file work15.txt (compact mmCIF, C-alpha atoms)
# COMPACT_ATOMS: atom_id res chain seq x y z
CA MET X 143 78.37 107.27 95.87
CA ARG X 144 77.81 109.17 92.63
CA GLU X 145 81.43 109.38 91.49
CA TRP X 146 83.54 106.34 90.66
CA SER X 147 87.09 105.73 89.46
CA HIS X 148 89.09 102.73 88.35
CA SER X 149 91.19 102.76 91.54
CA CYS X 150 88.01 102.83 93.65
CA LEU X 151 86.44 99.88 91.84
CA ALA X 152 89.69 97.91 91.64
CA LEU X 153 90.08 98.24 95.43
CA TYR X 154 86.64 96.71 95.97
CA GLU X 155 87.40 93.91 93.51
CA ARG X 156 90.61 93.17 95.40
CA CYS X 157 89.07 93.33 98.89
CA PRO X 158 85.61 94.65 99.88
CA LEU X 159 86.80 95.21 103.46
CA ALA X 160 89.66 97.45 102.30
CA TRP X 161 87.12 99.38 100.20
CA LYS X 162 84.89 99.85 103.26
CA LEU X 163 87.84 101.05 105.36
CA ARG X 164 88.70 103.62 102.68
CA TYR X 165 85.36 104.87 101.37
CA ILE X 166 82.96 104.31 104.28
CA ASN X 167 85.17 104.54 107.36
CA GLY X 168 87.34 107.24 105.80
CA GLU X 169 90.63 105.64 106.81
CA LYS X 170 93.79 107.05 105.31
CA GLY X 171 96.02 104.52 103.66
CA ILE X 172 99.75 104.13 104.25
CA PRO X 173 101.31 103.75 100.79
CA SER X 174 103.84 100.98 100.25
CA PRO X 175 107.38 101.76 98.99
CA ALA X 176 106.31 100.48 95.57
CA MET X 177 103.38 102.91 95.52
CA ILE X 178 105.65 105.81 96.49
CA ARG X 179 108.11 104.83 93.78
CA GLY X 180 105.31 104.64 91.20
CA LYS X 181 104.03 108.06 92.22
CA GLN X 182 107.50 109.59 91.80
CA VAL X 183 107.87 108.05 88.34
CA HIS X 184 104.43 109.31 87.27
CA GLU X 185 105.15 112.83 88.54
CA PHE X 186 108.38 112.90 86.55
CA CYS X 187 106.67 111.62 83.38
CA GLU X 188 103.91 114.21 83.76
CA ALA X 189 106.27 117.14 84.24
CA TYR X 190 108.66 116.01 81.49
CA THR X 191 105.83 115.37 78.99
CA HIS X 192 104.19 118.73 79.77
CA HIS X 193 107.53 120.45 79.15
CA CYS X 194 108.15 118.68 75.83
CA HIS X 195 104.57 119.43 74.77
CA ALA X 196 104.92 123.12 75.60
CA GLU X 197 108.23 123.31 73.72
CA ASN X 198 106.96 121.13 70.85
CA ALA X 199 110.08 119.02 71.39
CA GLU X 200 110.60 115.32 70.81
CA THR X 201 112.99 115.11 73.78
CA ASP X 202 114.87 117.36 76.18
CA TYR X 203 117.53 115.39 78.06
CA ASP X 204 118.98 118.41 79.86
CA TYR X 205 115.61 119.35 81.36
CA GLY X 206 114.82 115.74 82.23
CA ARG X 207 118.11 115.12 84.06
CA GLU X 208 117.71 118.35 85.99
CA LEU X 209 114.16 117.28 86.91
CA MET X 210 115.23 113.87 88.18
CA ALA X 211 118.36 114.98 90.04
CA SER X 212 116.82 114.74 93.53
CA LEU X 213 115.00 111.42 92.96
CA PRO X 214 116.19 108.05 94.36
CA ALA X 215 118.57 106.05 92.17
CA ASP X 216 116.05 103.33 91.23
CA VAL X 217 113.50 105.97 90.20
CA ARG X 218 116.13 107.89 88.19
CA GLN X 219 116.95 104.71 86.27
CA VAL X 220 113.33 104.28 85.17
CA CYS X 221 113.03 107.98 84.30
CA GLU X 222 116.23 107.85 82.26
CA THR X 223 114.87 104.90 80.28
CA PHE X 224 111.62 106.78 79.71
CA MET X 225 113.45 109.79 78.27
CA GLU X 226 115.76 107.76 76.04
CA THR X 227 112.96 105.69 74.53
CA THR X 228 110.15 108.26 74.23
CA PRO X 229 110.47 110.66 71.30
CA PHE X 230 107.11 112.46 71.32
CA ASP X 231 105.19 112.91 68.08
CA TRP X 232 103.21 116.09 68.69
CA SER X 233 101.57 115.89 65.26
CA LEU X 234 99.25 113.40 66.99
CA ILE X 235 97.28 115.59 69.36
CA VAL X 236 93.64 115.76 70.40
CA ALA X 237 91.55 118.60 69.02
CA ASP X 238 91.25 120.58 72.24
CA GLY X 239 94.96 120.38 73.03
CA GLU X 240 94.59 118.50 76.34
CA SER X 241 96.86 115.55 75.62
CA VAL X 242 98.95 115.22 78.78
CA GLU X 243 97.45 114.00 82.07
CA ARG X 244 93.97 114.52 80.73
CA ASP X 245 91.23 114.58 83.39
CA PHE X 246 87.81 113.26 82.42
CA SER X 247 84.38 112.78 83.95
CA VAL X 248 81.73 110.98 81.90
CA ALA X 249 78.25 109.74 82.78
CA LEU X 250 77.86 106.01 83.33
CA PRO X 251 74.88 104.12 81.86
CA TYR X 252 71.79 103.29 83.94
CA ASP X 253 72.15 106.48 86.01
CA LEU X 254 75.00 104.96 88.02
CA GLY X 255 76.83 108.27 88.39
CA GLN X 256 80.03 109.67 86.92
CA PHE X 257 83.18 107.78 85.98
CA ARG X 258 86.24 109.93 86.60
CA GLY X 259 89.93 109.49 85.94
CA ARG X 260 93.10 110.81 84.41
CA VAL X 261 94.82 109.50 81.29
CA ASP X 262 98.60 109.90 81.04
CA LEU X 263 98.62 110.62 77.31
CA VAL X 264 95.76 110.98 74.79
CA GLN X 265 96.49 111.50 71.09
CA TRP X 266 94.42 111.60 67.91
CA ASN X 267 95.37 109.97 64.62
CA ALA X 268 93.20 111.87 62.13
CA TYR X 269 94.17 109.62 59.21
CA ALA X 270 92.93 106.46 60.95
CA GLU X 271 90.22 108.28 62.93
CA SER X 272 91.71 106.60 65.98
CA LEU X 273 92.35 107.76 69.51
CA ILE X 274 95.60 106.62 71.14
CA VAL X 275 95.28 106.22 74.91
CA THR X 276 98.52 105.55 76.78
CA ASP X 277 98.88 104.74 80.47
CA TYR X 278 102.30 104.51 82.08
CA LYS X 279 103.19 101.76 84.55
CA SER X 280 106.34 102.08 86.63
CA GLY X 281 106.82 98.31 86.95
CA TRP X 282 107.59 95.45 84.59
CA ALA X 283 105.37 94.03 81.86
CA PRO X 284 103.59 90.70 82.37
CA TYR X 285 104.62 87.83 80.13
CA PRO X 286 102.98 86.79 77.96
CA LYS X 287 100.93 89.77 76.86
CA PRO X 288 97.34 89.41 78.15
CA GLU X 289 94.94 88.46 75.36
CA ARG X 290 92.20 90.73 76.71
CA CYS X 291 92.79 94.43 77.23
CA PRO X 292 93.02 95.20 80.98
CA THR X 293 89.97 96.72 82.66
CA GLN X 294 91.62 100.07 83.35
CA LEU X 295 92.48 100.64 79.70
CA ARG X 296 89.06 99.44 78.53
CA CYS X 297 87.35 101.92 80.85
CA TYR X 298 89.67 104.75 79.81
CA ALA X 299 89.13 103.92 76.13
CA TRP X 300 85.35 103.95 76.63
CA ALA X 301 85.53 107.31 78.46
CA MET X 302 87.62 108.89 75.71
CA MET X 303 85.19 107.71 73.04
CA GLN X 304 82.41 109.48 74.94
CA GLU X 305 84.38 112.72 74.71
CA PHE X 306 85.44 112.13 71.10
CA PRO X 307 82.51 110.38 69.37
CA ALA X 308 84.10 110.85 65.93
CA ALA X 309 86.68 108.17 66.78
CA ARG X 310 86.16 104.86 64.97
CA GLU X 311 88.56 102.98 67.25
CA VAL X 312 90.90 103.35 70.21
CA THR X 313 94.46 102.07 70.42
CA ALA X 314 94.94 101.38 74.13
CA ILE X 315 98.56 101.13 75.31
CA TYR X 316 100.15 100.07 78.58
CA ARG X 317 103.72 101.41 78.64
CA HIS X 318 105.69 99.45 81.26
CA LEU X 319 108.64 101.67 82.14
CA GLY X 320 110.49 99.15 84.31
CA ASP X 321 111.58 97.11 81.28
CA ASN X 322 110.50 99.48 78.47
CA VAL X 323 107.87 97.10 77.09
CA SER X 324 104.59 98.30 75.61
CA HIS X 325 101.45 96.21 75.17
CA ASP X 326 98.69 97.56 72.95
CA TRP X 327 95.15 96.57 72.03
CA ILE X 328 92.82 97.99 69.33
CA LEU X 329 89.28 98.48 70.63
CA TYR X 330 86.32 99.31 68.42
CA GLN X 331 83.37 99.48 70.81
CA PRO X 332 84.73 99.37 74.36
CA GLU X 333 82.08 99.15 77.05
CA PRO X 334 82.30 99.82 80.82
CA GLU X 335 80.69 96.47 81.73
CA TRP X 336 83.40 95.77 84.34
CA ALA X 337 82.66 99.07 86.12
CA ILE X 338 78.89 98.61 85.91
CA SER X 339 79.07 95.11 87.39
CA LEU X 340 81.25 96.22 90.32
CA ILE X 341 79.12 99.29 91.09
CA ARG X 342 76.03 97.09 91.31
CA ARG X 343 77.87 94.67 93.59
CA ILE X 344 78.95 97.54 95.83
CA GLU X 345 75.45 98.96 96.03
CA ALA X 346 74.05 95.53 97.01
CA ASP X 347 76.81 94.70 99.52
CA ASP X 348 76.11 95.11 103.23
CA ARG X 349 78.84 92.82 104.60
CA TYR X 350 82.12 93.93 102.95
CA GLU X 351 83.93 90.70 103.69
CA ALA X 352 87.70 90.56 103.46
CA THR X 353 89.31 88.46 100.72
CA PRO X 354 92.89 88.07 101.93
CA SER X 355 95.69 86.71 99.78
CA PRO X 356 99.49 87.06 100.04
CA ARG X 357 99.64 89.34 96.99
CA SER X 358 96.70 91.63 97.76
CA CYS X 359 97.57 91.96 101.46
CA ALA X 360 101.21 92.71 100.64
CA TRP X 361 100.10 95.64 98.43
CA CYS X 362 97.27 96.85 100.65
CA ASP X 363 97.47 100.38 102.12
CA TYR X 364 95.01 99.57 104.94
CA THR X 365 96.56 96.60 106.77
CA HIS X 366 97.33 98.91 109.71
CA VAL X 367 93.57 99.19 110.41
CA CYS X 368 92.47 95.80 109.10
CA PRO X 369 90.95 93.65 111.87
CA LEU X 370 91.80 90.49 109.95
CA ALA X 371 95.46 91.36 109.53
CA ASN X 372 95.66 92.52 113.17
CA VAL X 373 98.81 94.44 112.45
CA ASP X 374 100.65 96.16 115.28
CA PRO X 375 100.37 99.89 114.49
CA GLU X 376 103.85 100.59 115.90
CA THR X 377 105.75 99.87 112.72
CA VAL X 378 107.94 102.98 112.79
CA LEU X 379 110.90 102.20 115.04
CA THR X 380 112.56 105.07 116.88
CA SER X 381 114.69 103.27 119.48
CA GLU X 382 116.77 100.12 119.92
CA ALA X 383 114.30 98.88 122.53
CA GLN X 384 111.48 99.05 119.95
CA ALA X 385 113.65 97.29 117.41
CA LYS X 386 114.36 94.46 119.87
CA HIS X 387 110.67 94.19 120.67
CA THR X 388 109.84 94.00 116.96
CA LEU X 389 112.43 91.26 116.47
CA GLU X 390 110.86 89.29 119.34
CA GLN X 391 107.41 89.78 117.78
CA LEU X 392 108.66 88.61 114.40
CA ALA X 393 110.10 85.43 115.94
CA ALA X 394 106.76 84.77 117.65
CA ILE X 395 104.85 85.39 114.40
CA GLU X 396 107.09 82.99 112.47
CA ALA X 397 106.65 80.34 115.16
CA ARG X 398 102.89 80.85 114.94
CA ARG X 399 103.10 80.53 111.17
CA ASP X 400 104.91 77.20 111.49
CA LYS X 401 102.20 75.95 113.83
CA LEU X 402 99.49 77.00 111.43
CA ARG X 403 101.25 75.25 108.54
CA GLN X 404 101.59 72.09 110.63
CA ALA X 405 97.89 72.22 111.52
CA LEU X 406 97.02 72.53 107.83
CA ASN X 407 99.42 69.70 107.03
CA ASP X 408 97.66 67.44 109.55
CA TRP X 409 94.26 68.36 108.10
CA VAL X 410 95.43 67.63 104.55
CA ASP X 411 96.82 64.25 105.64
CA GLU X 412 93.38 63.25 106.90
CA HIS X 413 90.97 65.08 104.59
CA GLY X 414 92.87 66.11 101.45
CA GLU X 415 93.22 69.44 99.66
CA VAL X 416 91.59 72.60 101.06
CA ARG X 417 90.99 75.86 99.14
CA ALA X 418 90.28 79.45 100.21
CA ASN X 419 90.78 82.97 98.83
CA GLY X 420 92.57 81.94 95.66
CA GLN X 421 94.97 79.55 97.40
CA ARG X 422 95.15 75.82 97.89
CA ALA X 423 96.90 73.71 100.54
CA GLY X 424 97.65 70.08 99.89
CA LYS X 425 100.20 67.39 99.08
CA TYR X 426 101.69 68.01 95.66
CA PRO X 427 104.80 67.13 93.66
CA PRO X 428 107.51 69.79 93.16
CA LYS X 429 106.53 72.84 91.09
CA SER X 430 108.75 71.64 88.25
CA VAL X 431 106.65 68.46 87.91
CA GLU X 432 103.42 68.05 85.91
CA GLU X 433 100.84 65.28 85.93
CA ILE X 434 100.39 64.05 82.34
CA ALA X 435 98.02 61.20 83.22
CA PRO X 436 96.38 60.00 86.46
CA GLY X 437 99.28 59.09 88.76
CA GLU X 438 101.90 59.70 86.03
CA TYR X 439 104.28 62.65 86.51
CA VAL X 440 107.19 64.10 84.55
CA TYR X 441 109.65 66.94 85.07
CA THR X 442 108.90 70.02 82.96
CA ASP X 443 112.26 71.75 83.35
CA ARG X 444 114.67 68.98 82.40
CA TYR X 445 115.06 66.63 79.45
CA ASP X 446 116.61 63.32 78.42
CA LEU X 447 117.66 62.34 74.92
CA ALA X 448 115.17 60.27 72.95
CA CYS X 449 117.89 59.34 70.45
CA ASP X 450 121.23 57.54 70.50
CA GLY X 451 123.45 60.53 71.15
CA ALA X 452 123.90 64.30 71.25
CA ASP X 453 125.48 64.32 67.76
CA GLU X 454 122.18 63.22 66.22
CA LEU X 455 120.31 66.05 68.00
CA VAL X 456 122.89 68.65 66.96
CA GLU X 457 122.72 67.56 63.31
CA ALA X 458 118.93 67.79 63.34
CA LEU X 459 119.04 71.28 64.89
CA MET X 460 121.52 72.44 62.24
CA ALA X 461 119.27 71.07 59.52
CA ALA X 462 116.34 72.95 61.10
CA GLY X 463 118.25 76.21 60.79
CA LEU X 464 119.66 76.79 64.29
CA ASP X 465 122.78 78.95 64.06
CA ASP X 466 126.14 77.18 64.51
CA ASP X 467 127.32 79.73 67.06
CA ARG X 468 124.15 79.20 69.07
CA ILE X 469 124.68 75.44 69.08
CA GLN X 470 128.34 75.88 70.10
CA ALA X 471 127.29 78.19 72.96
CA LEU X 472 124.78 75.63 74.20
CA TRP X 473 126.94 72.53 73.75
CA PRO X 474 130.64 73.44 73.75
CA GLU X 475 131.35 69.82 74.72
CA PRO X 476 130.18 66.84 72.64
CA GLN X 477 128.11 65.30 75.44
CA PHE X 478 124.46 66.17 75.99
CA ASP X 479 123.78 69.03 78.45
CA ALA X 480 120.27 68.74 79.96
CA LYS X 481 120.31 72.30 81.34
CA ALA X 482 121.27 73.75 77.97
CA ALA X 483 118.50 71.76 76.32
CA ALA X 484 115.93 73.07 78.82
CA LYS X 485 117.15 76.62 78.23
CA LEU X 486 116.78 76.25 74.46
CA VAL X 487 113.27 74.77 74.73
CA ALA X 488 112.13 77.59 77.04
CA GLU X 489 113.60 80.18 74.67
CA ARG X 490 111.93 78.75 71.56
CA GLU X 491 108.57 78.25 73.29
CA ARG X 492 108.65 81.85 74.50
CA ASP X 493 109.21 83.15 70.97
CA GLU X 494 107.05 80.57 69.19
CA ASP X 495 104.99 82.01 66.30
CA PRO X 496 105.75 85.69 67.16
CA PHE X 497 103.92 86.98 64.09
CA GLY X 498 100.81 84.84 64.49
CA SER X 499 101.30 83.05 61.17
CA GLY X 500 100.39 79.69 62.63
CA GLU X 501 103.58 78.09 61.27
CA GLU X 502 105.45 75.62 63.50
CA ASP X 503 108.98 76.53 64.57
CA PRO X 504 111.21 73.86 62.90
CA VAL X 505 113.76 74.06 65.72
CA LEU X 506 111.01 73.50 68.29
CA GLU X 507 109.71 70.56 66.23
CA VAL X 508 113.19 68.96 66.42
CA LEU X 509 113.45 69.56 70.15
CA ARG X 510 110.06 67.96 70.78
CA GLU X 511 111.05 64.97 68.66
CA TYR X 512 114.49 64.34 70.13
CA LEU X 513 113.90 65.23 73.78
CA VAL X 514 111.73 63.58 76.40
CA CYS X 515 110.81 64.74 79.90
CA PRO X 516 112.06 62.23 82.49
CA ALA X 517 109.57 60.63 84.87
CA TRP X 518 109.21 61.83 88.44
CA THR X 519 108.65 59.14 91.10
CA GLY X 520 109.23 61.08 94.32
CA SER X 521 106.92 61.57 97.29
CA MET X 522 104.27 64.28 97.58
CA ARG X 523 105.03 67.22 99.86
CA PHE X 524 102.83 69.72 101.67
CA ARG X 525 102.62 73.06 99.86
CA ILE X 526 100.46 76.18 99.84
CA ASP X 527 100.12 77.58 96.32
CA PRO X 528 98.07 80.20 94.48
CA ILE X 529 95.38 78.59 92.32
CA ASP X 530 96.27 78.82 88.63
CA ARG X 531 92.84 79.22 87.04
CA ARG X 532 94.17 79.13 83.48
CA LYS X 533 95.98 75.82 84.04
CA GLU X 534 92.87 74.30 85.60
CA GLU X 535 90.70 75.47 82.68
CA ARG X 536 93.13 73.85 80.23
CA ARG X 537 92.78 70.57 82.10

call {"tool": "encode", "arguments": {"input": "work15.txt", "output": "structure tokens"}}
result
Amino acid sequence: MREWSHSCLALYERCPLAWKLRYINGEKGIPSPAMIRGKQVHEFCEAYTHHCHAENAETDYDYGRELMASLPADVRQVCETFMETTPFDWSLIVADGESVERDFSVALPYDLGQFRGRVDLVQWNAYAESLIVTDYKSGWAPYPKPERCPTQLRCYAWAMMQEFPAAREVTAIYRHLGDNVSHDWILYQPEPEWAISLIRRIEADDRYEATPSPRSCAWCDYTHVCPLANVDPETVLTSEAQAKHTLEQLAAIEARRDKLRQALNDWVDEHGEVRANGQRAGKYPPKSVEEIAPGEYVYTDRYDLACDGADELVEALMAAGLDDDRIQALWPEPQFDAKAAAKLVAERERDEDPFGSGEEDPVLEVLREYLVCPAWTGSMRFRIDPIDRRKEERR
């Protein structure tokens, strides 16, 4: 291959077998409902943005509502949010005028071919000598914001800097339309190292082994031709007899699943934890329990008082600056409410140090002083979980 794209490389990273089915075997994928929904949202955003650009308008609700009239209700909701929260600033525009759905094709280093793609919105801030690269996502934003700029945006930022070498930096933005949250990163010298690494892996690969996981297989467009998934191709039902047959198949599959889980359970009982394809099977405590020392476990979603009574905690929270109305909403009764305490801790931890000043939240300091996680002394249970690499690295 001499032409590459982010979607092409991301497919190989997710599953080399799926990449082979698509790019070597030439199989046509069957898009999931989520993919169809995302495509409809992107088509609306493209047409609406083109219209506003041509009219030099910040917004045009009448045109937008006419454009979305025939779309499904869930898609219309996202499009409505996009219109209401996106006043375009057309004073920020690239020199050649191609700001909306900008196609690009730039040469990769080391004679690896061309990297191609399409950016939803490209703008130029002449004052800061900065490109602004925005990519729309029809879903919801991850929490917390990733520290490192995602690979797609890094590649797009690098490609735009090849076309606009006068830029000193790139502001790369993911605009998540599902919940109207934007994440941005400022990049000074983005490099396509992710793309280069994957291209070299592809060129050296002669096996294309599958890497199944619940998430990647659920989103895959090629399960209907995947030998590992072994999916029955008759998934479009046209008669009651087919529907009954599918129900019988589903019951058989679920029974088979239970047998497989039991077999894994027996193996774990004898040999311990087993890992494969980003998952682990073993005997673990509940998900709300954390091991704080070898053999010592505590709940992470519930709290006990480490003081004589709730009045002492409330007074300390008031002294730390927590609003009276907020305290009353959490504890309308004088006794301690463990659920309300857990809710307040989660809320303060989520918003801790929002401006990066490094200062400790005084309310969170009080909560950590006056609350203690109760011990867990239950029995381990068999579970299959995704492997949390970040949690393991922290340990």

call {"tool": "atom_distance", "arguments": {"input": "work15.txt", "atom1": "atom CA of X:His413", "atom2": "atom CA of X:Pro528"}}
result
19.5 Å

call {"tool": "atom_distance", "arguments": {"input": "work15.txt", "atom1": "atom CA of X:Leu506", "atom2": "atom CA of X:Lys485"}}
result
12.1 Å

call {"tool": "atom_distance", "arguments": {"input": "work15.txt", "atom1": "atom CA of X:Asp450", "atom2": "atom CA of X:Arg492"}}
result
27.7 Å

call {"tool": "closest_residue", "arguments": {"input": "work15.txt", "among": "X:Thr442, X:Gln404, X:Ser272, X:Asn198", "to": "X:Val487", "atoms": "all atoms listed in the file"}}
result
X:Thr442

call {"tool": "residues_around", "arguments": {"input": "work15.txt", "residues": "X:Gln294", "least_positions_apart": "6", "cutoff": "10 Å", "atoms": "only C-alpha atoms", "output": "VMD selection string"}}
result
chain X and resid 147 to 149 151 to 152 259 277 300 314 316 334 336 to 337

call {"tool": "decode", "arguments": {"input": "work15.txt", "residues": "stretch 270-287 of chain X", "atoms": "N, CA and C atoms", "output": "compact mmCIF listing (two decimals), in the first residue's frame"}}
result
# COMPACT_ATOMS: atom_id res chain seq x y z
N ALA X 270 -1.64 34.59 16.60
CA ALA X 270 -0.83 33.62 17.34
C ALA X 270 -0.01 32.72 16.43
N GLU X 271 -0.16 32.91 15.11
CA GLU X 271 0.49 32.04 14.13
C GLU X 271 0.20 30.58 14.47
N SER X 272 -1.08 30.31 14.69
CA SER X 272 -1.51 28.99 15.14
C SER X 272 -2.63 28.46 14.26
N LEU X 273 -2.51 27.22 13.87
CA LEU X 273 -3.60 26.52 13.21
C LEU X 273 -4.55 25.96 14.27
N ILE X 274 -5.83 25.93 13.95
CA ILE X 274 -6.83 25.33 14.84
C ILE X 274 -7.48 24.19 14.08
N VAL X 275 -7.25 22.98 14.53
CA VAL X 275 -7.75 21.78 13.85
C VAL X 275 -8.82 21.16 14.73
N THR X 276 -10.05 21.10 14.22
CA THR X 276 -11.18 20.58 15.00
C THR X 276 -11.75 19.35 14.33
N ASP X 277 -11.95 18.31 15.12
CA ASP X 277 -12.58 17.08 14.64
C ASP X 277 -13.81 16.80 15.49
N TYR X 278 -14.95 16.58 14.82
CA TYR X 278 -16.19 16.34 15.54
C TYR X 278 -16.36 14.85 15.84
N LYS X 279 -16.84 14.56 17.06
CA LYS X 279 -17.18 13.21 17.47
C LYS X 279 -18.64 13.20 17.88
N SER X 280 -19.40 12.23 17.37
CA SER X 280 -20.84 12.22 17.65
C SER X 280 -21.17 11.67 19.01
N GLY X 281 -20.20 11.07 19.70
CA GLY X 281 -20.46 10.46 21.00
C GLY X 281 -20.15 11.39 22.16
N TRP X 282 -19.85 10.77 23.32
CA TRP X 282 -19.64 11.51 24.55
C TRP X 282 -18.15 11.56 24.87
N ALA X 283 -17.74 12.60 25.57
CA ALA X 283 -16.33 12.81 25.88
C ALA X 283 -15.87 11.86 26.97
N PRO X 284 -14.62 11.38 26.89
CA PRO X 284 -14.09 10.56 27.98
C PRO X 284 -13.81 11.44 29.19
N TYR X 285 -13.89 10.83 30.37
CA TYR X 285 -13.54 11.55 31.59
C TYR X 285 -12.54 10.72 32.37
N PRO X 286 -11.45 11.27 32.82
CA PRO X 286 -11.05 12.65 32.62
C PRO X 286 -10.47 12.87 31.23
N LYS X 287 -10.16 14.10 30.91
CA LYS X 287 -9.53 14.42 29.63
C LYS X 287 -8.20 13.69 29.52
